[in-house]
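Structure data (mmCIF, C-alpha atoms) from run30.cif:
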```cif
data_structure
loop_
_atom_site.label_atom_id
_atom_site.label_comp_id
_atom_site.auth_asym_id
_atom_site.auth_seq_id
_atom_site.Cartn_x
_atom_site.Cartn_y
_atom_site.Cartn_z
CA ALA A 196 -11.39 36.17 -3.86
CA MET A 197 -11.59 39.88 -4.51
CA ASP A 198 -8.55 41.49 -6.16
CA LYS A 199 -7.62 43.40 -3.01
CA LYS A 200 -7.43 40.18 -0.99
CA VAL A 201 -5.53 38.29 -3.68
CA GLN A 202 -2.95 41.05 -3.95
CA GLY A 203 -2.33 41.08 -0.20
CA LYS A 204 0.88 39.66 1.23
CA PRO A 205 -0.72 36.55 2.87
CA MET A 206 -2.41 35.45 -0.37
CA GLN A 207 0.73 36.10 -2.39
CA GLN A 208 2.70 33.91 0.01
CA LEU A 209 0.05 31.18 -0.30
CA MET A 210 0.22 31.35 -4.08
CA LYS A 211 4.04 31.27 -4.09
CA ARG A 212 4.19 28.21 -1.86
CA MET A 213 1.50 26.32 -3.76
CA LEU A 214 3.21 26.95 -7.09
CA ALA A 215 6.52 25.79 -5.63
CA ALA A 216 4.94 22.51 -4.50
CA GLY A 217 4.24 21.07 -7.93
CA ASP A 218 3.12 21.39 -11.53
CA MET A 219 0.13 23.72 -11.44
CA GLU A 220 -1.17 26.99 -12.82
CA TRP A 221 -2.69 29.71 -10.61
CA VAL A 222 -5.77 31.33 -12.19
CA GLN A 223 -7.06 34.55 -10.63
CA PHE A 224 -10.68 35.15 -11.62
CA GLY A 225 -10.61 38.90 -10.94
CA ASP A 226 -13.28 41.31 -9.71
CA ASP A 227 -14.80 41.88 -13.15
CA THR A 228 -15.36 38.18 -13.73
CA ILE A 229 -16.59 37.47 -10.21
CA LEU A 230 -19.00 40.40 -10.04
CA ASN A 231 -20.18 40.89 -13.62
CA LYS A 232 -20.07 37.56 -15.44
CA PRO A 233 -22.34 34.52 -14.93
CA VAL A 234 -20.68 31.50 -13.36
CA GLU A 235 -20.96 29.67 -16.69
CA GLU A 236 -18.33 32.10 -18.02
CA TRP A 237 -15.92 31.75 -15.11
CA PRO A 238 -12.65 29.88 -15.82
CA VAL A 239 -12.90 26.10 -15.51
CA CYS A 240 -10.41 24.78 -12.96
CA ASP A 241 -9.41 21.46 -11.44
CA ALA A 242 -9.30 22.90 -7.92
CA LEU A 243 -10.73 25.98 -6.25
CA ILE A 244 -9.74 28.02 -3.23
CA ALA A 245 -12.11 30.86 -2.36
CA PHE A 246 -12.16 33.40 0.46
CA PHE A 247 -14.93 35.79 1.48
CA SER A 248 -14.23 39.50 1.95
CA ASP A 249 -16.36 42.64 1.60
CA GLY A 250 -18.25 42.53 -1.68
CA PHE A 251 -17.49 38.89 -2.49
CA PRO A 252 -20.60 37.05 -3.82
CA LEU A 253 -20.38 33.87 -1.75
CA ASP A 254 -23.69 32.48 -3.07
CA LYS A 255 -22.45 32.95 -6.63
CA ALA A 256 -19.23 31.09 -5.82
CA GLN A 257 -21.29 28.23 -4.41
CA ALA A 258 -23.30 28.14 -7.64
CA TYR A 259 -20.00 27.77 -9.53
CA VAL A 260 -19.01 24.85 -7.31
CA LYS A 261 -22.42 23.25 -7.89
CA LEU A 262 -22.02 23.67 -11.65
CA HIS A 263 -18.71 21.78 -11.64
CA GLU A 264 -19.25 19.49 -8.65
CA ASP A 265 -18.33 16.34 -10.60
CA SER A 266 -14.90 17.60 -11.63
CA LEU A 267 -13.92 20.35 -9.18
CA TYR A 268 -11.92 19.85 -5.98
CA VAL A 269 -12.71 22.55 -3.39
CA LEU A 270 -9.79 23.20 -1.04
CA ASN A 271 -11.75 25.17 1.57
CA SER A 272 -15.44 24.85 2.33
CA LEU A 273 -17.66 27.65 1.03
CA GLU A 274 -20.58 26.35 3.07
CA ALA A 275 -18.59 26.72 6.29
CA GLN A 276 -17.89 30.37 5.42
CA HIS A 277 -21.66 30.97 5.61
CA TRP A 278 -21.98 29.91 9.24
CA LEU A 279 -18.94 32.00 10.14
CA PHE A 280 -21.22 35.02 9.61
CA SER A 281 -23.13 34.04 12.74
CA ARG A 282 -21.48 33.93 16.16
CA ARG A 283 -24.43 31.83 17.32
CA ASP A 284 -23.60 29.19 14.70
CA VAL A 285 -19.88 29.38 15.53
CA TYR A 286 -20.52 28.82 19.25
CA ASN A 287 -22.84 25.91 18.45
CA LYS A 288 -20.16 24.42 16.23
CA LEU A 289 -17.56 24.82 18.98
CA LYS A 290 -19.90 23.02 21.37
CA GLU A 291 -20.46 20.25 18.83
CA TYR A 292 -16.71 19.61 18.66
CA ASN A 293 -16.20 19.91 22.44
CA ILE A 294 -14.04 23.03 22.14
CA LEU A 295 -14.06 25.04 25.36
CA THR A 296 -15.67 28.49 25.39
CA PRO A 297 -16.28 31.04 28.18
CA ARG A 298 -19.56 30.53 30.04
CA HIS A 299 -22.15 32.40 28.00
CA VAL A 300 -25.82 32.89 27.18
CA ILE A 301 -27.43 33.76 23.86
CA CYS A 302 -30.12 36.44 23.99
CA ASN A 303 -32.46 36.18 21.00
CA ARG A 304 -34.52 39.19 19.97
CA GLY A 305 -36.64 39.74 16.87
CA GLU A 306 -35.76 36.49 15.09
CA GLU A 307 -38.96 34.51 15.66
CA PRO A 308 -40.05 31.91 14.72
CA VAL A 309 -36.56 30.55 13.99
CA TRP A 310 -35.18 31.78 17.34
CA PRO A 311 -37.87 32.50 19.98
CA ASP A 312 -37.33 35.71 21.95
CA SER A 313 -35.40 35.23 25.19
CA VAL A 314 -36.63 36.27 28.62
CA PHE A 315 -34.11 38.96 29.57
CA GLU A 316 -33.64 40.88 32.82
CA GLU A 317 -31.00 43.49 33.58
CA PHE A 318 -29.72 44.41 37.03
CA GLU A 319 -27.01 46.78 38.25
CA ASP A 320 -24.17 44.24 38.18
CA HIS A 321 -25.55 41.27 36.24
CA ILE A 322 -28.03 40.11 33.63
CA VAL A 323 -30.33 37.07 33.62
CA CYS A 324 -31.18 35.52 30.25
CA ASP A 325 -33.59 32.59 30.08
CA GLY A 326 -32.82 31.88 33.73
CA GLU A 327 -29.02 32.00 33.34
CA LYS A 328 -27.15 34.67 35.30
CA ILE A 329 -24.00 36.36 33.97
CA ALA A 330 -22.29 38.81 36.34
CA LYS A 331 -20.18 41.79 35.32
CA PRO A 332 -17.60 42.08 33.99
CA PHE A 333 -19.09 40.47 30.91
CA VAL A 334 -18.69 40.77 27.15
CA GLU A 335 -21.58 41.60 24.81
CA LYS A 336 -21.14 40.37 21.22
CA PRO A 337 -23.58 40.95 18.34
CA ILE A 338 -24.80 37.75 16.70
CA SER A 339 -23.49 38.88 13.31
CA GLY A 340 -19.88 37.91 12.84
CA GLU A 341 -19.50 40.92 10.54
CA ASP A 342 -20.39 43.31 13.39
CA HIS A 343 -17.18 44.07 15.29
CA ASN A 344 -18.77 46.40 17.83
CA VAL A 345 -18.12 44.30 20.95
CA TYR A 346 -18.78 45.87 24.37
CA ILE A 347 -17.38 45.04 27.81
CA TYR A 348 -19.42 46.07 30.88
CA TYR A 349 -17.72 46.53 34.26
CA PRO A 350 -19.24 46.18 37.76
CA ARG A 351 -19.80 49.16 40.07
CA SER A 352 -17.11 47.78 42.37
CA ALA A 353 -14.59 48.40 39.58
CA GLY A 354 -16.00 51.82 38.74
CA GLY A 355 -18.62 50.66 36.23
CA GLY A 356 -18.72 51.89 32.65
CA CYS A 357 -18.40 50.19 29.29
CA LYS A 358 -15.54 49.72 26.86
CA HIS A 359 -16.40 49.68 23.14
CA LEU A 360 -14.17 47.49 20.95
CA PHE A 361 -14.30 48.08 17.20
CA ARG A 362 -12.42 47.60 13.94
CA LYS A 363 -9.20 49.58 14.00
CA VAL A 364 -9.58 53.23 13.05
CA GLY A 365 -6.07 54.56 12.53
CA ASP A 366 -4.24 53.61 15.72
CA LYS A 367 -7.38 53.25 17.82
CA SER A 368 -9.28 50.02 18.55
CA SER A 369 -11.37 50.76 21.65
CA GLU A 370 -12.88 53.56 23.74
CA PHE A 371 -14.11 53.65 27.33
CA PHE A 372 -17.43 55.26 28.37
CA PRO A 373 -17.55 55.64 32.18
CA GLU A 374 -21.24 56.55 32.37
CA GLU A 375 -22.53 53.76 30.12
CA ASN A 376 -23.80 50.85 32.19
CA ASN A 377 -26.92 49.49 30.45
CA VAL A 378 -26.68 46.83 27.74
CA ARG A 379 -27.92 47.22 24.19
CA ARG A 380 -31.50 46.14 23.51
CA GLY A 381 -31.73 46.23 19.72
CA GLY A 382 -31.13 42.78 18.26
CA SER A 383 -29.64 39.49 19.44
CA PHE A 384 -26.43 39.24 21.45
CA ILE A 385 -24.13 36.76 23.13
CA TYR A 386 -23.22 37.56 26.74
CA GLU A 387 -20.17 35.82 28.12
CA GLU A 388 -17.95 36.05 31.16
CA PHE A 389 -14.99 38.35 30.67
CA MET A 390 -11.68 36.47 30.70
CA PRO A 391 -8.60 38.55 31.66
CA THR A 392 -5.66 37.79 29.37
CA GLU A 393 -2.81 39.81 30.86
CA GLY A 394 -2.97 42.31 28.03
CA THR A 395 -2.74 40.04 24.99
CA ASP A 396 -5.09 38.45 22.47
CA VAL A 397 -4.09 35.18 20.80
CA LYS A 398 -5.32 33.91 17.44
CA VAL A 399 -4.88 30.29 16.41
CA TYR A 400 -5.05 29.23 12.77
CA ALA A 401 -5.70 25.51 12.32
CA VAL A 402 -4.79 24.47 8.77
CA GLY A 403 -5.98 20.93 8.38
CA PRO A 404 -5.20 18.28 11.02
CA GLU A 405 -1.39 18.58 10.89
CA TYR A 406 -0.60 22.29 11.21
CA ALA A 407 -1.60 25.12 13.55
CA HIS A 408 -0.11 28.58 13.94
CA ALA A 409 -0.72 30.93 16.87
CA GLU A 410 0.14 34.61 17.17
CA ALA A 411 -0.43 37.22 19.84
CA ARG A 412 -1.09 40.95 19.73
CA LYS A 413 -1.71 43.66 22.29
CA SER A 414 -5.32 43.40 23.45
CA PRO A 415 -7.59 46.34 22.51
CA VAL A 416 -8.91 46.14 26.07
CA VAL A 417 -5.65 47.57 27.46
CA ASP A 418 -5.83 51.16 26.23
CA GLY A 419 -7.24 51.04 22.72
CA VAL A 420 -3.92 52.07 21.13
CA VAL A 421 -2.69 49.82 18.30
CA ASN A 422 1.02 48.92 18.37
CA ARG A 423 2.44 49.15 14.86
CA ALA A 424 5.79 48.29 13.31
CA GLU A 425 7.75 50.64 11.04
CA ASP A 426 5.89 49.30 7.98
CA GLY A 427 2.56 50.28 9.55
CA LYS A 428 1.43 46.71 10.24
CA GLU A 429 0.08 45.78 13.66
CA ILE A 430 2.79 44.10 15.73
CA ARG A 431 2.15 40.40 16.28
CA TYR A 432 4.45 37.66 17.48
CA PRO A 433 4.31 33.84 17.31
CA VAL A 434 3.11 31.85 20.31
CA LEU A 435 3.98 28.25 21.20
CA LEU A 436 0.86 26.17 21.77
CA SER A 437 0.54 23.70 24.60
CA ARG A 438 0.02 20.01 23.88
CA LYS A 439 -3.65 20.36 24.85
CA GLN A 440 -4.13 23.33 22.54
CA LYS A 441 -2.47 21.48 19.68
CA LYS A 442 -4.83 18.55 20.23
CA ILE A 443 -7.85 20.88 20.05
CA ALA A 444 -6.56 22.33 16.76
CA HIS A 445 -5.90 18.81 15.44
CA ASP A 446 -9.27 17.36 16.41
#
```

Reformat the file's structure so that it appears as structure tokens.
Amino acid sequence: AMDKKVQGKPMQQLMKRMLAAGDMEWVQFGDDTILNKPVEEWPVCDALIAFFSDGFPLDKAQAYVKLHEDSLYVLNSLEAQHWLFSRRDVYNKLKEYNILTPRHVICNRGEEPVWPDSVFEEFEDHIVCDGEKIAKPFVEKPISGEDHNVYIYYPRSAGGGCKHLFRKVGDKSSEFFPEENNVRRGGSFIYEEFMPTEGTDVKVYAVGPEYAHAEARKSPVVDGVVNRAEDGKEIRYPVLLSRKQKKIAHD
């Protein structure tokens, strides 16, 4: 991982707990090695844990794994991190494992021949994509998982308009545009039914089949203002999962 990610509090906690579990040595490759040296000159390890972040050469890391595939144990899949870049691939993977998702359609544009262009129609309070109707309010997500510009479109009966969600800028995470009612047309998008959440977003981290952690934060849909603690971190709090949710994380 890049130095900035390794030096963060979550990674430091991971390192501390792994070192406390047994006789092992933690080797940090460092930005200079990762970016500037060939994989043949990277440290040789018995096990590897690697995380993508901005600037991290994922393909190069996979080449390192390939070079040492007979002797290297990979703790987390690098191949899986590739399909996380595509929301289309993520949704297909969720479907494959029977994990529930909001009703949605995938609108393909400009990706032929791999993904034929969709037949798309837009009306005042709904869209129709390849014959499937999604009524407002709906969420519009770019296919790229790295694009955090997610829009929510509201029906005329609720006043119309569009709320832009984006990566946090200072204490702001969304902005409402009352006169914006038409969807974006440049590129491929996922359109899904908007699910009200009573003002919270919940993230669930499934770590292997035996452990899952869930935490909630104030939803950016509420007012776009980020709630922060005294240390400047966004306020989050643990959530107890239901038996059904735990089973989904386990399976």

message: Residues proximal to (-19.6, 44.4, 10.8) were defined as those with any atom within 12 Å of that point in the file's coordinates, counting all atoms listed in the file. Which are they, as number ranges by chain?
response: A: 248-249, 280-282, 336-345, 360-362

statement: A straight line from atom CA of A:Pro373 to atom CA of A:Lys358 spans 8.2 Å

task: Enumerate, as a PyMOL selection string, the residues matched when the PyMOL selection byres ((chain A and resi 220-229) around 12) is run on the file above.
output: chain A and resi 196-202+206-207+209-219+230-245+247-259

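Computed from the coordinates, the atom CA of A:Phe384 to atom CA of A:Ile301 distance equals 6.1 Å.
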
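Compared by their closest atoms to A:Thr296, and using all atoms listed in the file, the residues A:Glu387, A:Glu274, A:Glu374, A:Glu405 rank with A:Glu387 nearest.
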
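Across the model, the gap from atom CA of A:Ala411 to atom CA of A:Ser437 is 14.4 Å.
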
Please provide the set of residues having any atom within 9 Å of A:Ile329, restricted to all atoms listed in the file, with same-chain residues fewer than 4 positions apart removed, written as a tab-separated table (two decimals) with C-alpha atoms, in the frame of the given file.
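Output contents, as saved in selection-v4.tsv:
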```tsv
chain	number	residue	atom	x	y	z
A	298	ARG	CA	-19.56	30.53	30.04
A	299	HIS	CA	-22.15	32.40	28.00
A	300	VAL	CA	-25.82	32.89	27.18
A	320	ASP	CA	-24.17	44.24	38.18
A	321	HIS	CA	-25.55	41.27	36.24
A	322	ILE	CA	-28.03	40.11	33.63
A	323	VAL	CA	-30.33	37.07	33.62
A	324	CYS	CA	-31.18	35.52	30.25
A	333	PHE	CA	-19.09	40.47	30.91
A	386	TYR	CA	-23.22	37.56	26.74
A	387	GLU	CA	-20.17	35.82	28.12
A	388	GLU	CA	-17.95	36.05	31.16
```

When the PyMOL selection byres ((chain A and resi 356) around 7) is applied to the file above, which residues end up in the set, as a tab-separated table (two decimals) with C-alpha atoms, keeping the file's coordinate frame?
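This is the output file result-v7.tsv:
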```tsv
chain	number	residue	atom	x	y	z
A	348	TYR	CA	-19.42	46.07	30.88
A	349	TYR	CA	-17.72	46.53	34.26
A	354	GLY	CA	-16.00	51.82	38.74
A	355	GLY	CA	-18.62	50.66	36.23
A	357	CYS	CA	-18.40	50.19	29.29
A	358	LYS	CA	-15.54	49.72	26.86
A	372	PHE	CA	-17.43	55.26	28.37
A	373	PRO	CA	-17.55	55.64	32.18
A	374	GLU	CA	-21.24	56.55	32.37
A	375	GLU	CA	-22.53	53.76	30.12
A	376	ASN	CA	-23.80	50.85	32.19
```

task: Report as an NGL selection string the residues that result from applying the PyMOL selection byres ((chain A and resi 433-436) around 12) to the structure here.
output: :A and (395-401 or 406-412 or 430-432 or 437-445)

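Nearest-residue note for A:Pro332: choosing from A:Pro415, A:Pro391, A:Pro311, A:Gly403, the minimum distance belongs to A:Pro391, counting only C-alpha atoms.
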
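For the set A:Val364, A:Val378, A:Leu267, A:Val416, the residue with the smallest atom-to-atom gap to A:Thr392 is A:Val416, counting all atoms listed in the file.
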
field: Non-local contacts of A:Lys288 (10 Å; only C-alpha atoms; under 6 positions in same chain excluded) as an NGL selection string
entry: :A and (278-279 or 282 or 294)

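Among the candidate residues A:Leu289, A:Cys302, A:Ala275, A:Val269, the one lying nearest to A:Gly382 is A:Cys302, with distances computed using all atoms listed in the file.
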
Stretch 360-366 of chain A: axis-aligned bounding box, 4 Å on each side, centre and edge lengths in Å, one decimal, as JSON:
```
{"center_x": -9.3, "center_y": 51.0, "center_z": 16.7, "size_x": 18.1, "size_y": 15.1, "size_z": 16.4}
```

Because the input lacks atoms here, generate all heavy atoms for stretch 357-368 of chain A and report them as an mmCIF file, keeping the file's coordinate frame.
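Once written, rebuild.cif looks like this:
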```
data_model
loop_
_atom_site.group_PDB
_atom_site.id
_atom_site.type_symbol
_atom_site.label_atom_id
_atom_site.label_comp_id
_atom_site.auth_asym_id
_atom_site.auth_seq_id
_atom_site.Cartn_x
_atom_site.Cartn_y
_atom_site.Cartn_z
ATOM 1 N N CYS A 357 -18.386 51.136 30.408
ATOM 2 C CA CYS A 357 -18.400 50.190 29.290
ATOM 3 C C CYS A 357 -17.285 50.533 28.322
ATOM 4 O O CYS A 357 -17.059 51.701 28.001
ATOM 5 C CB CYS A 357 -19.757 50.267 28.585
ATOM 6 S SG CYS A 357 -19.911 49.246 27.104
ATOM 7 N N LYS A 358 -16.586 49.518 27.865
ATOM 8 C CA LYS A 358 -15.540 49.720 26.860
ATOM 9 C C LYS A 358 -16.037 49.206 25.513
ATOM 10 O O LYS A 358 -16.472 48.055 25.393
ATOM 11 C CB LYS A 358 -14.262 48.999 27.256
ATOM 12 C CG LYS A 358 -13.126 49.142 26.225
ATOM 13 C CD LYS A 358 -11.762 48.885 26.828
ATOM 14 C CE LYS A 358 -11.315 50.043 27.692
ATOM 15 N NZ LYS A 358 -9.897 49.893 28.152
ATOM 16 N N HIS A 359 -15.995 50.050 24.491
ATOM 17 C CA HIS A 359 -16.400 49.680 23.140
ATOM 18 C C HIS A 359 -15.167 49.209 22.363
ATOM 19 O O HIS A 359 -14.183 49.959 22.242
ATOM 20 C CB HIS A 359 -16.999 50.879 22.411
ATOM 21 C CG HIS A 359 -18.296 51.359 22.971
ATOM 22 N ND1 HIS A 359 -19.138 52.214 22.275
ATOM 23 C CD2 HIS A 359 -18.916 51.110 24.151
ATOM 24 C CE1 HIS A 359 -20.202 52.483 23.019
ATOM 25 N NE2 HIS A 359 -20.087 51.826 24.162
ATOM 26 N N LEU A 360 -15.211 47.999 21.839
ATOM 27 C CA LEU A 360 -14.170 47.490 20.950
ATOM 28 C C LEU A 360 -14.701 47.571 19.517
ATOM 29 O O LEU A 360 -15.883 47.300 19.274
ATOM 30 C CB LEU A 360 -13.794 46.052 21.281
ATOM 31 C CG LEU A 360 -13.524 45.697 22.752
ATOM 32 C CD1 LEU A 360 -13.067 44.254 22.862
ATOM 33 C CD2 LEU A 360 -12.497 46.625 23.362
ATOM 34 N N PHE A 361 -13.848 47.919 18.570
ATOM 35 C CA PHE A 361 -14.300 48.080 17.200
ATOM 36 C C PHE A 361 -13.151 47.839 16.231
ATOM 37 O O PHE A 361 -11.983 47.711 16.645
ATOM 38 C CB PHE A 361 -14.894 49.481 16.983
ATOM 39 C CG PHE A 361 -14.092 50.600 17.615
ATOM 40 C CD1 PHE A 361 -12.943 51.098 16.999
ATOM 41 C CD2 PHE A 361 -14.472 51.128 18.840
ATOM 42 C CE1 PHE A 361 -12.206 52.114 17.572
ATOM 43 C CE2 PHE A 361 -13.745 52.156 19.430
ATOM 44 C CZ PHE A 361 -12.611 52.651 18.802
ATOM 45 N N ARG A 362 -13.464 47.741 14.947
ATOM 46 C CA ARG A 362 -12.420 47.600 13.940
ATOM 47 C C ARG A 362 -11.465 48.787 14.038
ATOM 48 O O ARG A 362 -11.891 49.909 14.275
ATOM 49 C CB ARG A 362 -13.032 47.556 12.536
ATOM 50 C CG ARG A 362 -13.470 46.162 12.092
ATOM 51 C CD ARG A 362 -13.707 46.157 10.591
ATOM 52 N NE ARG A 362 -14.114 44.877 10.081
ATOM 53 C CZ ARG A 362 -13.280 43.889 9.773
ATOM 54 N NH1 ARG A 362 -11.981 44.050 9.956
ATOM 55 N NH2 ARG A 362 -13.734 42.746 9.290
ATOM 56 N N LYS A 363 -10.201 48.539 13.832
ATOM 57 C CA LYS A 363 -9.200 49.580 14.000
ATOM 58 C C LYS A 363 -9.491 50.800 13.127
ATOM 59 O O LYS A 363 -9.765 50.669 11.921
ATOM 60 C CB LYS A 363 -7.812 49.025 13.662
ATOM 61 C CG LYS A 363 -7.320 47.961 14.638
ATOM 62 C CD LYS A 363 -5.906 47.528 14.340
ATOM 63 C CE LYS A 363 -5.830 46.671 13.091
ATOM 64 N NZ LYS A 363 -6.382 45.326 13.299
ATOM 65 N N VAL A 364 -9.458 51.956 13.746
ATOM 66 C CA VAL A 364 -9.580 53.230 13.050
ATOM 67 C C VAL A 364 -8.275 53.980 13.299
ATOM 68 O O VAL A 364 -8.055 54.513 14.392
ATOM 69 C CB VAL A 364 -10.777 54.053 13.551
ATOM 70 C CG1 VAL A 364 -10.847 55.386 12.803
ATOM 71 C CG2 VAL A 364 -12.077 53.276 13.400
ATOM 72 N N GLY A 365 -7.389 53.998 12.303
ATOM 73 C CA GLY A 365 -6.070 54.560 12.530
ATOM 74 C C GLY A 365 -5.328 53.711 13.547
ATOM 75 O O GLY A 365 -5.134 52.515 13.364
ATOM 76 N N ASP A 366 -4.937 54.330 14.656
ATOM 77 C CA ASP A 366 -4.240 53.610 15.720
ATOM 78 C C ASP A 366 -5.137 53.369 16.924
ATOM 79 O O ASP A 366 -4.640 53.136 18.032
ATOM 80 C CB ASP A 366 -2.984 54.391 16.151
ATOM 81 C CG ASP A 366 -1.909 54.381 15.077
ATOM 82 O OD1 ASP A 366 -1.857 53.408 14.307
ATOM 83 O OD2 ASP A 366 -1.135 55.354 15.016
ATOM 84 N N LYS A 367 -6.441 53.392 16.712
ATOM 85 C CA LYS A 367 -7.380 53.250 17.820
ATOM 86 C C LYS A 367 -8.266 52.025 17.604
ATOM 87 O O LYS A 367 -8.747 51.781 16.502
ATOM 88 C CB LYS A 367 -8.246 54.507 17.941
ATOM 89 C CG LYS A 367 -9.053 54.608 19.210
ATOM 90 C CD LYS A 367 -9.746 55.976 19.291
ATOM 91 C CE LYS A 367 -10.490 56.141 20.617
ATOM 92 N NZ LYS A 367 -11.136 57.470 20.726
ATOM 93 N N SER A 368 -8.468 51.241 18.682
ATOM 94 C CA SER A 368 -9.280 50.020 18.550
ATOM 95 C C SER A 368 -10.322 49.875 19.649
ATOM 96 O O SER A 368 -11.079 48.905 19.642
ATOM 97 C CB SER A 368 -8.363 48.787 18.549
ATOM 98 O OG SER A 368 -7.621 48.726 19.759
#
```
